[in-house]
file final_6.tsv (TSV, C-alpha atoms and all ligand atoms)
chain	number	residue	atom	x	y	z
A	1	MET	CA	56.60	-48.00	238.61
A	2	LYS	CA	56.55	-49.16	235.00
A	3	SER	CA	54.62	-52.39	235.42
A	4	PHE	CA	51.89	-53.55	237.78
A	5	ASN	CA	52.42	-57.25	237.08
A	6	GLY	CA	52.99	-59.18	240.31
A	7	ARG	CA	52.57	-56.03	242.42
A	8	VAL	CA	50.01	-55.61	245.19
A	9	ALA	CA	47.55	-52.70	245.10
A	10	ALA	CA	45.17	-51.62	247.86
A	11	ILE	CA	42.13	-49.65	246.71
A	12	THR	CA	39.49	-47.87	248.79
A	13	GLY	CA	36.04	-47.27	247.31
A	14	ALA	CA	36.47	-50.43	245.22
A	15	ALA	CA	32.76	-51.33	245.22
A	16	SER	CA	31.84	-48.84	242.50
A	17	GLY	CA	32.90	-46.29	239.90
A	18	MET	CA	36.56	-45.47	239.49
A	19	GLY	CA	37.66	-47.77	242.34
A	20	ARG	CA	36.04	-50.75	240.63
A	21	ALA	CA	37.46	-49.69	237.24
A	22	LEU	CA	40.95	-49.41	238.76
A	23	ALA	CA	40.60	-52.87	240.30
A	24	LEU	CA	39.60	-54.37	236.94
A	25	ALA	CA	42.35	-52.57	235.01
A	26	LEU	CA	45.03	-53.60	237.53
A	27	ALA	CA	43.80	-57.21	237.57
A	28	ARG	CA	44.10	-57.33	233.77
A	29	GLU	CA	47.76	-56.31	234.23
A	30	GLY	CA	48.39	-59.14	236.72
A	31	CYS	CA	48.29	-57.04	239.88
A	32	HIS	CA	47.16	-58.62	243.16
A	33	LEU	CA	44.44	-56.68	244.95
A	34	ALA	CA	43.31	-55.68	248.43
A	35	LEU	CA	39.92	-54.05	248.02
A	36	ALA	CA	38.03	-52.03	250.63
A	37	ASP	CA	34.68	-50.27	250.78
A	38	ASN	CA	31.80	-49.75	253.19
A	39	ASN	CA	29.50	-51.47	250.68
A	40	ARG	CA	29.89	-55.25	251.08
A	41	GLN	CA	27.61	-56.21	248.20
A	42	GLY	CA	29.35	-53.86	245.79
A	43	LEU	CA	32.75	-55.27	246.80
A	44	GLU	CA	31.53	-58.81	246.11
A	45	GLN	CA	30.30	-57.69	242.69
A	46	THR	CA	33.71	-56.18	241.93
A	47	VAL	CA	35.44	-59.46	242.80
A	48	ALA	CA	32.97	-61.42	240.64
A	49	LEU	CA	33.61	-59.05	237.71
A	50	ILE	CA	37.38	-59.46	238.08
A	51	LYS	CA	37.06	-63.24	238.13
A	52	THR	CA	35.13	-63.24	234.85
A	53	ALA	CA	37.42	-60.67	233.22
A	54	THR	CA	40.82	-62.19	234.08
A	55	LEU	CA	42.35	-65.61	233.69
A	56	SER	CA	45.58	-65.26	235.68
A	57	PRO	CA	45.47	-66.53	239.28
A	58	LEU	CA	45.51	-63.42	241.43
A	59	THR	CA	45.25	-62.97	245.16
A	60	ILE	CA	42.25	-60.78	245.90
A	61	THR	CA	41.26	-59.87	249.43
A	62	THR	CA	38.36	-57.68	250.54
A	63	GLN	CA	37.63	-55.62	253.59
A	64	VAL	CA	34.42	-53.88	254.58
A	65	LEU	CA	35.40	-50.69	256.40
A	66	ASP	CA	34.78	-47.00	256.77
A	67	VAL	CA	37.80	-45.01	255.58
A	68	SER	CA	37.02	-42.26	258.08
A	69	GLU	CA	37.83	-44.68	260.93
A	70	ARG	CA	41.56	-44.43	261.65
A	71	GLN	CA	41.98	-47.71	263.52
A	72	ALA	CA	40.06	-49.68	260.88
A	73	MET	CA	42.42	-48.34	258.21
A	74	GLN	CA	45.51	-49.14	260.31
A	75	ASP	CA	44.24	-52.68	260.90
A	76	TRP	CA	43.42	-53.16	257.20
A	77	ALA	CA	46.93	-52.05	256.15
A	78	ALA	CA	48.49	-54.55	258.59
A	79	ARG	CA	46.14	-57.29	257.34
A	80	CYS	CA	47.05	-56.54	253.70
A	81	VAL	CA	50.74	-57.09	254.44
A	82	ALA	CA	49.99	-60.26	256.41
A	83	GLU	CA	47.83	-61.66	253.59
A	84	HIS	CA	49.80	-60.47	250.54
A	85	GLY	CA	53.37	-60.34	251.90
A	86	GLN	CA	53.77	-56.73	250.74
A	87	VAL	CA	51.84	-53.74	249.38
A	88	ASN	CA	53.15	-51.54	246.56
A	89	LEU	CA	50.26	-49.20	245.85
A	90	ILE	CA	47.51	-47.50	247.82
A	91	PHE	CA	44.70	-45.82	245.90
A	92	ASN	CA	42.87	-43.54	248.34
A	93	ASN	CA	39.84	-43.26	246.11
A	94	ALA	CA	36.70	-43.57	248.32
A	95	GLY	CA	34.68	-40.36	248.32
A	96	VAL	CA	31.25	-38.75	248.63
A	97	ALA	CA	29.66	-35.46	247.57
A	98	LEU	CA	27.62	-32.84	249.39
A	99	SER	CA	25.69	-29.84	248.10
A	100	SER	CA	24.77	-27.15	250.60
A	101	THR	CA	25.24	-23.47	251.37
A	102	VAL	CA	27.86	-22.55	253.96
A	103	GLU	CA	25.21	-20.79	256.01
A	104	GLY	CA	22.83	-23.73	256.01
A	105	VAL	CA	25.15	-26.72	256.19
A	106	ASP	CA	24.95	-28.94	259.28
A	107	TYR	CA	28.23	-29.53	261.06
A	108	ALA	CA	27.38	-33.23	260.96
A	109	ASP	CA	27.33	-33.17	257.14
A	110	LEU	CA	30.59	-31.24	256.97
A	111	GLU	CA	32.21	-33.71	259.36
A	112	TRP	CA	30.85	-36.59	257.25
A	113	ILE	CA	32.39	-35.33	254.00
A	114	ILE	CA	35.70	-34.19	255.50
A	115	GLY	CA	35.90	-37.49	257.42
A	116	ILE	CA	35.65	-39.54	254.24
A	117	ASN	CA	37.19	-37.35	251.53
A	118	PHE	CA	40.06	-35.85	253.51
A	119	TRP	CA	40.63	-37.95	256.64
A	120	GLY	CA	40.08	-41.14	254.63
A	121	VAL	CA	42.97	-40.12	252.37
A	122	VAL	CA	45.16	-39.19	255.33
A	123	HIS	CA	44.39	-42.47	257.10
A	124	GLY	CA	45.13	-44.51	253.97
A	125	THR	CA	48.36	-42.64	253.29
A	126	LYS	CA	49.71	-42.90	256.83
A	127	ALA	CA	48.62	-46.49	257.38
A	128	PHE	CA	50.20	-47.75	254.15
A	129	LEU	CA	53.29	-45.54	253.81
A	130	PRO	CA	55.60	-47.64	256.03
A	131	HIS	CA	54.56	-50.78	254.10
A	132	LEU	CA	55.08	-49.09	250.71
A	133	LYS	CA	58.56	-48.04	251.82
A	134	ALA	CA	59.29	-51.59	253.01
A	135	SER	CA	58.26	-52.93	249.56
A	136	GLY	CA	61.08	-50.88	247.97
A	137	ASP	CA	58.86	-49.74	245.08
A	138	GLY	CA	55.65	-48.00	246.08
A	139	HIS	CA	53.17	-45.35	245.03
A	140	VAL	CA	50.45	-43.37	246.83
A	141	VAL	CA	47.58	-42.33	244.55
A	142	ASN	CA	45.20	-39.85	246.16
A	143	THR	CA	41.96	-38.84	244.47
A	144	SER	CA	41.12	-35.16	244.67
A	145	SER	CA	38.89	-33.65	241.95
A	146	VAL	CA	38.80	-30.83	239.46
A	147	PHE	CA	37.05	-29.20	242.43
A	148	GLY	CA	40.38	-29.43	244.24
A	149	LEU	CA	41.58	-26.84	241.68
A	150	PHE	CA	38.44	-24.79	241.08
A	151	ALA	CA	35.70	-23.78	243.56
A	152	GLN	CA	31.95	-23.64	243.05
A	153	PRO	CA	29.04	-22.24	245.08
A	154	GLY	CA	27.09	-24.84	247.06
A	155	MET	CA	30.10	-27.18	247.19
A	156	SER	CA	32.13	-25.74	250.08
A	157	GLY	CA	32.46	-29.05	251.93
A	158	TYR	CA	33.46	-30.94	248.80
A	159	ASN	CA	35.78	-28.13	247.66
A	160	ALA	CA	37.42	-27.93	251.09
A	161	SER	CA	37.97	-31.69	251.24
A	162	LYS	CA	39.41	-31.89	247.72
A	163	PHE	CA	41.63	-28.78	248.00
A	164	ALA	CA	42.93	-30.37	251.24
A	165	VAL	CA	43.71	-33.66	249.49
A	166	ARG	CA	45.66	-31.73	246.88
A	167	GLY	CA	47.71	-29.77	249.43
A	168	PHE	CA	48.36	-32.89	251.49
A	169	THR	CA	49.43	-34.95	248.48
A	170	GLU	CA	51.62	-32.28	246.89
A	171	SER	CA	53.45	-31.82	250.20
A	172	LEU	CA	53.78	-35.61	250.57
A	173	ARG	CA	55.23	-35.92	247.06
A	174	GLN	CA	57.87	-33.31	247.80
A	175	GLU	CA	58.84	-35.11	251.02
A	176	LEU	CA	59.12	-38.43	249.19
A	177	ASP	CA	61.24	-36.85	246.43
A	178	LEU	CA	63.58	-35.46	249.09
A	179	GLN	CA	63.79	-38.82	250.86
A	180	ARG	CA	64.49	-40.84	247.65
A	181	CYS	CA	62.85	-43.77	249.42
A	182	GLY	CA	61.43	-45.70	246.46
A	183	VAL	CA	57.92	-44.36	247.04
A	184	SER	CA	56.21	-41.64	245.04
A	185	ALA	CA	52.81	-39.91	245.09
A	186	THR	CA	50.28	-38.68	242.54
A	187	CYS	CA	47.26	-36.45	243.02
A	188	VAL	CA	44.31	-37.23	240.72
A	189	HIS	CA	41.86	-34.53	239.55
A	190	PRO	CA	38.97	-36.06	237.62
A	191	GLY	CA	36.37	-33.95	235.83
A	192	GLY	CA	32.88	-35.42	235.50
A	193	ILE	CA	33.12	-39.23	235.42
A	194	ARG	CA	30.10	-41.53	234.95
A	195	THR	CA	29.90	-43.29	238.32
A	196	ASP	CA	27.44	-43.66	241.20
A	197	ILE	CA	28.67	-40.62	243.10
A	198	CYS	CA	25.63	-38.52	242.23
A	199	ARG	CA	23.27	-41.15	243.66
A	200	SER	CA	25.11	-41.35	246.97
A	201	SER	CA	25.58	-37.59	247.30
A	202	ARG	CA	23.72	-35.48	249.83
A	203	ILE	CA	21.85	-32.45	248.55
A	204	ASP	CA	20.68	-30.18	251.32
A	205	ALA	CA	17.19	-28.68	251.14
A	206	ASN	CA	18.75	-25.20	251.42
A	207	MET	CA	19.95	-25.56	247.80
A	208	THR	CA	16.38	-25.63	246.48
A	209	GLY	CA	15.39	-22.18	245.30
A	210	PHE	CA	19.00	-21.00	245.62
A	211	LEU	CA	20.97	-22.76	242.89
A	212	ILE	CA	18.59	-25.60	242.02
A	213	HIS	CA	14.88	-25.97	241.35
A	214	SER	CA	14.54	-29.43	242.83
A	215	GLU	CA	16.79	-32.18	244.12
A	216	GLN	CA	15.65	-34.57	241.43
A	217	GLN	CA	16.39	-32.14	238.64
A	218	ALA	CA	19.74	-31.23	240.18
A	219	ARG	CA	20.80	-34.90	240.21
A	220	ALA	CA	19.73	-35.31	236.59
A	221	ASP	CA	21.54	-32.12	235.52
A	222	PHE	CA	24.63	-33.10	237.49
A	223	GLU	CA	24.79	-36.49	235.77
A	224	LYS	CA	24.72	-34.78	232.37
A	225	LEU	CA	28.11	-33.29	233.26
A	226	PHE	CA	29.64	-36.77	233.61
A	227	ILE	CA	31.30	-36.95	230.20
A	228	THR	CA	34.08	-39.51	230.78
A	229	ASP	CA	33.61	-43.19	231.55
A	230	ALA	CA	35.20	-44.81	234.58
A	231	ASP	CA	37.27	-47.33	232.58
A	232	HIS	CA	38.92	-44.50	230.67
A	233	ALA	CA	39.53	-42.65	233.94
A	234	ALA	CA	41.26	-45.74	235.39
A	235	LYS	CA	43.46	-46.00	232.28
A	236	VAL	CA	44.52	-42.35	232.61
A	237	ILE	CA	45.28	-42.79	236.33
A	238	LEU	CA	47.44	-45.88	235.76
A	239	GLN	CA	49.31	-44.14	232.93
A	240	GLY	CA	49.94	-41.26	235.31
A	241	VAL	CA	51.42	-43.65	237.88
A	242	ARG	CA	53.63	-45.29	235.23
A	243	ASN	CA	54.90	-41.84	234.24
A	244	ASN	CA	55.32	-40.84	237.88
A	245	LYS	CA	53.14	-37.75	237.35
A	246	ARG	CA	52.61	-35.37	240.24
A	247	ARG	CA	49.17	-34.34	238.97
A	248	VAL	CA	46.75	-36.28	236.78
A	249	LEU	CA	43.80	-34.48	235.17
A	250	ILE	CA	40.99	-36.58	233.67
A	251	GLY	CA	38.64	-35.36	230.94
A	252	ARG	CA	38.54	-32.23	228.79
A	253	ASP	CA	36.31	-30.52	231.37
A	254	ALA	CA	39.09	-30.91	233.96
A	255	TYR	CA	41.64	-29.39	231.55
A	256	CYS	CA	39.29	-26.45	230.75
A	257	LEU	CA	38.50	-25.61	234.37
A	258	ASP	CA	42.16	-25.98	235.37
A	259	LEU	CA	43.14	-23.57	232.58
A	260	LEU	CA	40.48	-21.10	233.67
A	261	ALA	CA	41.68	-21.18	237.28
A	262	ARG	CA	45.29	-20.72	236.16
A	263	CYS	CA	44.56	-17.85	233.76
A	264	LEU	CA	42.08	-16.08	236.03
A	265	PRO	CA	43.06	-17.30	239.50
A	266	ALA	CA	40.66	-14.93	241.28
A	267	ALA	CA	38.44	-13.57	238.49
A	268	TYR	CA	37.22	-17.05	237.48
A	269	GLN	CA	34.93	-16.83	240.52
A	270	ALA	CA	33.01	-13.91	238.98
A	271	LEU	CA	32.49	-16.03	235.85
A	272	VAL	CA	31.17	-18.90	237.98
A	273	VAL	CA	28.76	-16.54	239.76
A	274	PHE	CA	27.55	-15.22	236.40
A	275	THR	CA	26.93	-18.69	234.91
A	276	SER	CA	25.42	-20.03	238.15
A	277	LYS	CA	22.91	-17.15	238.16
A	278	ARG	CA	21.92	-17.84	234.57
A	279	MET	CA	21.55	-21.57	235.21
A	280	ALA	CA	19.56	-21.06	238.41
A	281	ALA	CA	17.18	-18.74	236.54
A	282	LYS	CA	16.34	-21.40	233.92
A	283	PRO	CA	12.83	-22.82	234.27
A	284	PRO	CA	12.64	-26.38	235.66
A	285	LYS	CA	12.63	-29.23	233.16
A	286	PRO	CA	9.62	-31.59	232.97
A	287	ALA	CA	9.32	-34.14	235.81
A	288	PHE	CA	12.03	-36.79	235.75
A	289	GLU	CA	11.62	-40.40	236.94
A	290	THR	CA	14.27	-41.79	239.23
A	291	HIS	CA	14.55	-44.89	241.39
A	292	ASP	CA	17.37	-43.55	243.41
A	293	LYS	CA	17.00	-42.24	246.89
A	294	PRO	CA	19.62	-39.97	248.46
A	295	HIS	CA	21.24	-41.25	251.67
A	296	HIS	CA	20.08	-38.21	253.57
B	301	LIG	N1	32.54	-39.13	239.45
B	301	LIG	C1	33.07	-37.92	239.33
B	301	LIG	O1	32.61	-37.12	238.48
B	301	LIG	C2	34.22	-37.50	240.18
B	301	LIG	C3	34.88	-36.32	239.84
B	301	LIG	C4	35.96	-35.91	240.62
B	301	LIG	C5	36.38	-36.67	241.68
B	301	LIG	N2	35.72	-37.82	241.99
B	301	LIG	C6	36.22	-38.59	243.13
B	301	LIG	O2	36.53	-39.90	242.71
B	301	LIG	C7	36.46	-40.79	243.81
B	301	LIG	C8	35.68	-42.03	243.42
B	301	LIG	O3	34.32	-41.67	243.24
B	301	LIG	P1	33.37	-42.29	242.11
B	301	LIG	O4	33.02	-41.17	241.21
B	301	LIG	O5	33.95	-43.53	241.57
B	301	LIG	O6	32.07	-42.54	243.00
B	301	LIG	P2	31.28	-43.89	243.42
B	301	LIG	O7	30.19	-43.42	244.30
B	301	LIG	O8	30.91	-44.66	242.22
B	301	LIG	O9	32.38	-44.69	244.25
B	301	LIG	C9	32.79	-44.26	245.52
B	301	LIG	C10	32.97	-45.48	246.40
B	301	LIG	O10	33.41	-45.04	247.70
B	301	LIG	C11	32.71	-45.82	248.66
B	301	LIG	N3	32.65	-45.12	249.95
B	301	LIG	C12	31.91	-44.02	250.25
B	301	LIG	N4	32.07	-43.70	251.54
B	301	LIG	C13	32.92	-44.62	252.07
B	301	LIG	C14	33.46	-44.82	253.36
B	301	LIG	N5	33.15	-44.02	254.39
B	301	LIG	N6	34.31	-45.86	253.55
B	301	LIG	C15	34.61	-46.70	252.53
B	301	LIG	N7	34.13	-46.56	251.29
B	301	LIG	C16	33.29	-45.52	251.06
B	301	LIG	C17	31.32	-46.01	248.07
B	301	LIG	O11	30.64	-47.11	248.68
B	301	LIG	C18	31.66	-46.26	246.62
B	301	LIG	O12	31.86	-47.63	246.35
B	301	LIG	C19	35.84	-39.98	244.95
B	301	LIG	O13	36.86	-39.56	245.82
B	301	LIG	C20	35.23	-38.79	244.25
B	301	LIG	O14	35.13	-37.66	245.08
B	301	LIG	C21	34.65	-38.25	241.27
call {"tool": "encode", "arguments": {"input": "final_6.tsv", "output": "structure tokens", "more": "lines below"}}
Ligand SMILES: NC(=O)c1ccc[n+]([C@@H]2O[C@H](COP(=O)([O-])OP(=O)(O)OC[C@H]3O[C@@H](n4cnc5c(N)ncnc54)[C@H](O)[C@@H]3O)[C@@H](O)[C@H]2O)c1
result
Amino acid sequence: MKSFNGRVAAITGAASGMGRALALALAREGCHLALADNNRQGLEQTVALIKTATLSPLTITTQVLDVSERQAMQDWAARCVAEHGQVNLIFNNAGVALSSTVEGVDYADLEWIIGINFWGVVHGTKAFLPHLKASGDGHVVNTSSVFGLFAQPGMSGYNASKFAVRGFTESLRQELDLQRCGVSATCVHPGGIRTDICRSSRIDANMTGFLIHSEQQARADFEKLFITDADHAAKVILQGVRNNKRRVLIGRDAYCLDLLARCLPAAYQALVVFTSKRMAAKPPKPAFETHDKPHH
């Protein structure tokens, strides 16, 4: 797909971060939008931002839903086609983060993250695929992470969900290539991007004293790793779709970690253990003010 002008894109997680940035970037290119999120207020803010940033008359529809609910995603896909006439792109972008040890993690938390990060992507792909095929020119864009290429301690749920998105999307892409059906697929692996994901993430108490000193400090340290802004990330993703890339990496951190995992496919883990130990041993920083409360 070389141009997004006049096309219709559906985006999950459009109330914030990269989903919002994608919506704005696509609107600037004249693309009609179907936006979904479980955050109604955030979705309304995205629509208001688009209206002030673009002049061209675009059709924008919104849907409050939970991507982990299969029927809601099926119904939304059908509604998108009814309201827009067709859909060309689905961005399965909605996602959450979870920090916990394997030993201490609650099954409920694991089900929560896999339900959103993996099943949400599967639901979006399967619900929209027939409509993308019917449009004659379609693209599935699934958001994994650099942690879909590289594992870390305390991130097993996130790692599992993002490695799964990668496997699912790479297999899908090969099927679509074989079918020559006018639809393609791209898997996106962002490094640290400045968004709200840290605020909405769950950090289990079992991490304190293991890899982190306190939840507050962990959130602050985590945010320091967000070196790329969301608008740039959206630009890189859309360029990847234009170039029909199989894999899109975002940020120099993503390139570095990908290289490390390729060069030392097993031994990189020993390096991670070594650096994690050193970081965990560092004394806590002075108290840090935050207004944000975790969901947990
Ligand atoms: N920010 C990063 O550093 C980073 C790095 C790698 C991958 N990612 C991935 O990028 C994607 C976008 O995240 P972001 O960084 O923009 O975060 P964000 O928190 O700013 O945006 C995520 C959006 O998903 C929505 N969402 C969460 N659960 C949902 C659900 N059950 N149903 C519908 N919507 C839901 C949230 O309300 C939010 O609007 C995620 O899949 C995330 O895992 C982010």
call {"tool": "closest_residue", "arguments": {"input": "final_6.tsv", "among": "A:Arg180, A:His32, A:Arg252, A:Arg199", "to": "ligand LIG 301 (chain B)", "atoms": "all atoms listed in the file"}}
result
A:Arg199
call {"tool": "residues_near_ligand", "arguments": {"input": "final_6.tsv", "ligand": "ligand LIG 301 (chain B)", "cutoff": "6 Å", "atoms": "only C-alpha atoms and all ligand atoms", "output": "PyMOL selection string"}}
result
chain A and resi 13-19+37-39+65-68+93-96+116+143-146+190-197+226
call {"tool": "write_last_selection", "arguments": {"input": "final_6.tsv", "atoms": "C-alpha atoms", "output": "CSV table (one decimal), in the coordinates of the input"}}
result
chain,number,residue,atom,x,y,z
A,13,GLY,CA,36.0,-47.3,247.3
A,14,ALA,CA,36.5,-50.4,245.2
A,15,ALA,CA,32.8,-51.3,245.2
A,16,SER,CA,31.8,-48.8,242.5
A,17,GLY,CA,32.9,-46.3,239.9
A,18,MET,CA,36.6,-45.5,239.5
A,19,GLY,CA,37.7,-47.8,242.3
A,37,ASP,CA,34.7,-50.3,250.8
A,38,ASN,CA,31.8,-49.8,253.2
A,39,ASN,CA,29.5,-51.5,250.7
A,65,LEU,CA,35.4,-50.7,256.4
A,66,ASP,CA,34.8,-47.0,256.8
A,67,VAL,CA,37.8,-45.0,255.6
A,68,SER,CA,37.0,-42.3,258.1
A,93,ASN,CA,39.8,-43.3,246.1
A,94,ALA,CA,36.7,-43.6,248.3
A,95,GLY,CA,34.7,-40.4,248.3
A,96,VAL,CA,31.2,-38.8,248.6
A,116,ILE,CA,35.6,-39.5,254.2
A,143,THR,CA,42.0,-38.8,244.5
A,144,SER,CA,41.1,-35.2,244.7
A,145,SER,CA,38.9,-33.6,242.0
A,146,VAL,CA,38.8,-30.8,239.5
A,190,PRO,CA,39.0,-36.1,237.6
A,191,GLY,CA,36.4,-34.0,235.8
A,192,GLY,CA,32.9,-35.4,235.5
A,193,ILE,CA,33.1,-39.2,235.4
A,194,ARG,CA,30.1,-41.5,235.0
A,195,THR,CA,29.9,-43.3,238.3
A,196,ASP,CA,27.4,-43.7,241.2
A,197,ILE,CA,28.7,-40.6,243.1
A,226,PHE,CA,29.6,-36.8,233.6
call {"tool": "closest_residue", "arguments": {"input": "final_6.tsv", "among": "A:His123, A:Lys162, A:His84, A:Arg246", "to": "A:Leu98", "atoms": "only C-alpha atoms"}}
result
A:Lys162
call {"tool": "residues_near_point", "arguments": {"input": "final_6.tsv", "point": "(38.3, -19.3, 235.6)", "cutoff": "12 Å", "atoms": "all atoms listed in the file", "output": "VMD selection string"}}
result
chain A and resid 149 to 152 254 to 275
call {"tool": "residues_around", "arguments": {"input": "final_6.tsv", "residues": "A:Val87", "least_positions_apart": "5", "cutoff": "8 Å", "atoms": "only C-alpha atoms", "output": "compact mmCIF listing (two decimals) with C-alpha atoms, keeping the file's coordinate frame"}}
result
# COMPACT_ATOMS: atom_id res chain seq x y z
CA ARG A 7 52.57 -56.03 242.42
CA VAL A 8 50.01 -55.61 245.19
CA ALA A 9 47.55 -52.70 245.10
CA ALA A 10 45.17 -51.62 247.86
CA CYS A 80 47.05 -56.54 253.70
CA VAL A 81 50.74 -57.09 254.44
CA PHE A 128 50.20 -47.75 254.15
CA HIS A 131 54.56 -50.78 254.10
CA LEU A 132 55.08 -49.09 250.71
CA SER A 135 58.26 -52.93 249.56
CA GLY A 138 55.65 -48.00 246.08
call {"tool": "axis_aligned_box", "arguments": {"input": "final_6.tsv", "around": "stretch 140-159 of chain A", "padding_each_side": "4 Å", "output": "JSON"}}
result
{"center_x": 38.8, "center_y": -32.8, "center_z": 245.7, "size_x": 31.4, "size_y": 29.1, "size_z": 20.5}
call {"tool": "residues_around", "arguments": {"input": "final_6.tsv", "residues": "A:Ser56", "least_positions_apart": "5", "cutoff": "10 Å", "atoms": "all atoms listed in the file", "output": "PyMOL selection string"}}
result
chain A and resi 27-31+51
call {"tool": "decode", "arguments": {"input": "final_6.tsv", "residues": "stretch 185-191 of chain A", "atoms": "all heavy atoms", "output": "PDB file, in the first residue's frame"}}
result
ATOM      1  N   ALA A 185       0.984  -8.368   5.832  1.00  0.00           N
ATOM      2  CA  ALA A 185       1.050  -8.216   7.298  1.00  0.00           C
ATOM      3  C   ALA A 185       2.440  -7.778   7.725  1.00  0.00           C
ATOM      4  O   ALA A 185       3.441  -8.178   7.125  1.00  0.00           O
ATOM      5  CB  ALA A 185       0.684  -9.535   7.981  1.00  0.00           C
ATOM      6  N   THR A 186       2.471  -6.968   8.754  1.00  0.00           N
ATOM      7  CA  THR A 186       3.734  -6.449   9.313  1.00  0.00           C
ATOM      8  C   THR A 186       3.710  -6.624  10.817  1.00  0.00           C
ATOM      9  O   THR A 186       2.687  -6.353  11.462  1.00  0.00           O
ATOM     10  CB  THR A 186       3.859  -4.937   8.969  1.00  0.00           C
ATOM     11  OG1 THR A 186       3.962  -4.792   7.551  1.00  0.00           O
ATOM     12  CG2 THR A 186       5.094  -4.315   9.626  1.00  0.00           C
ATOM     13  N   CYS A 187       4.843  -7.052  11.370  1.00  0.00           N
ATOM     14  CA  CYS A 187       4.963  -7.141  12.829  1.00  0.00           C
ATOM     15  C   CYS A 187       5.856  -5.989  13.307  1.00  0.00           C
ATOM     16  O   CYS A 187       6.949  -5.787  12.782  1.00  0.00           O
ATOM     17  CB  CYS A 187       5.569  -8.484  13.208  1.00  0.00           C
ATOM     18  SG  CYS A 187       5.365  -8.828  14.960  1.00  0.00           S
ATOM     19  N   VAL A 188       5.374  -5.239  14.300  1.00  0.00           N
ATOM     20  CA  VAL A 188       6.072  -4.041  14.773  1.00  0.00           C
ATOM     21  C   VAL A 188       6.748  -4.330  16.119  1.00  0.00           C
ATOM     22  O   VAL A 188       6.111  -4.863  17.034  1.00  0.00           O
ATOM     23  CB  VAL A 188       5.068  -2.871  14.928  1.00  0.00           C
ATOM     24  CG1 VAL A 188       5.780  -1.625  15.438  1.00  0.00           C
ATOM     25  CG2 VAL A 188       4.375  -2.584  13.599  1.00  0.00           C
ATOM     26  N   HIS A 189       8.025  -3.953  16.216  1.00  0.00           N
ATOM     27  CA  HIS A 189       8.799  -4.186  17.450  1.00  0.00           C
ATOM     28  C   HIS A 189       9.375  -2.866  17.957  1.00  0.00           C
ATOM     29  O   HIS A 189      10.535  -2.537  17.671  1.00  0.00           O
ATOM     30  CB  HIS A 189       9.936  -5.174  17.170  1.00  0.00           C
ATOM     31  CG  HIS A 189       9.467  -6.515  16.703  1.00  0.00           C
ATOM     32  ND1 HIS A 189       9.111  -7.522  17.562  1.00  0.00           N
ATOM     33  CD2 HIS A 189       9.265  -6.991  15.451  1.00  0.00           C
ATOM     34  CE1 HIS A 189       8.729  -8.584  16.871  1.00  0.00           C
ATOM     35  NE2 HIS A 189       8.804  -8.280  15.581  1.00  0.00           N
ATOM     36  N   PRO A 190       8.570  -2.102  18.723  1.00  0.00           N
ATOM     37  CA  PRO A 190       9.116  -0.854  19.253  1.00  0.00           C
ATOM     38  C   PRO A 190      10.076  -1.109  20.408  1.00  0.00           C
ATOM     39  O   PRO A 190       9.896  -2.043  21.187  1.00  0.00           O
ATOM     40  CB  PRO A 190       7.877  -0.107  19.769  1.00  0.00           C
ATOM     41  CG  PRO A 190       6.687  -0.871  19.261  1.00  0.00           C
ATOM     42  CD  PRO A 190       7.154  -2.275  19.055  1.00  0.00           C
ATOM     43  N   GLY A 191      11.086  -0.233  20.524  1.00  0.00           N
ATOM     44  CA  GLY A 191      11.879  -0.145  21.756  1.00  0.00           C
ATOM     45  C   GLY A 191      11.103   0.743  22.708  1.00  0.00           C
ATOM     46  O   GLY A 191       9.872   0.793  22.655  1.00  0.00           O
TER      47      GLY A 191
END
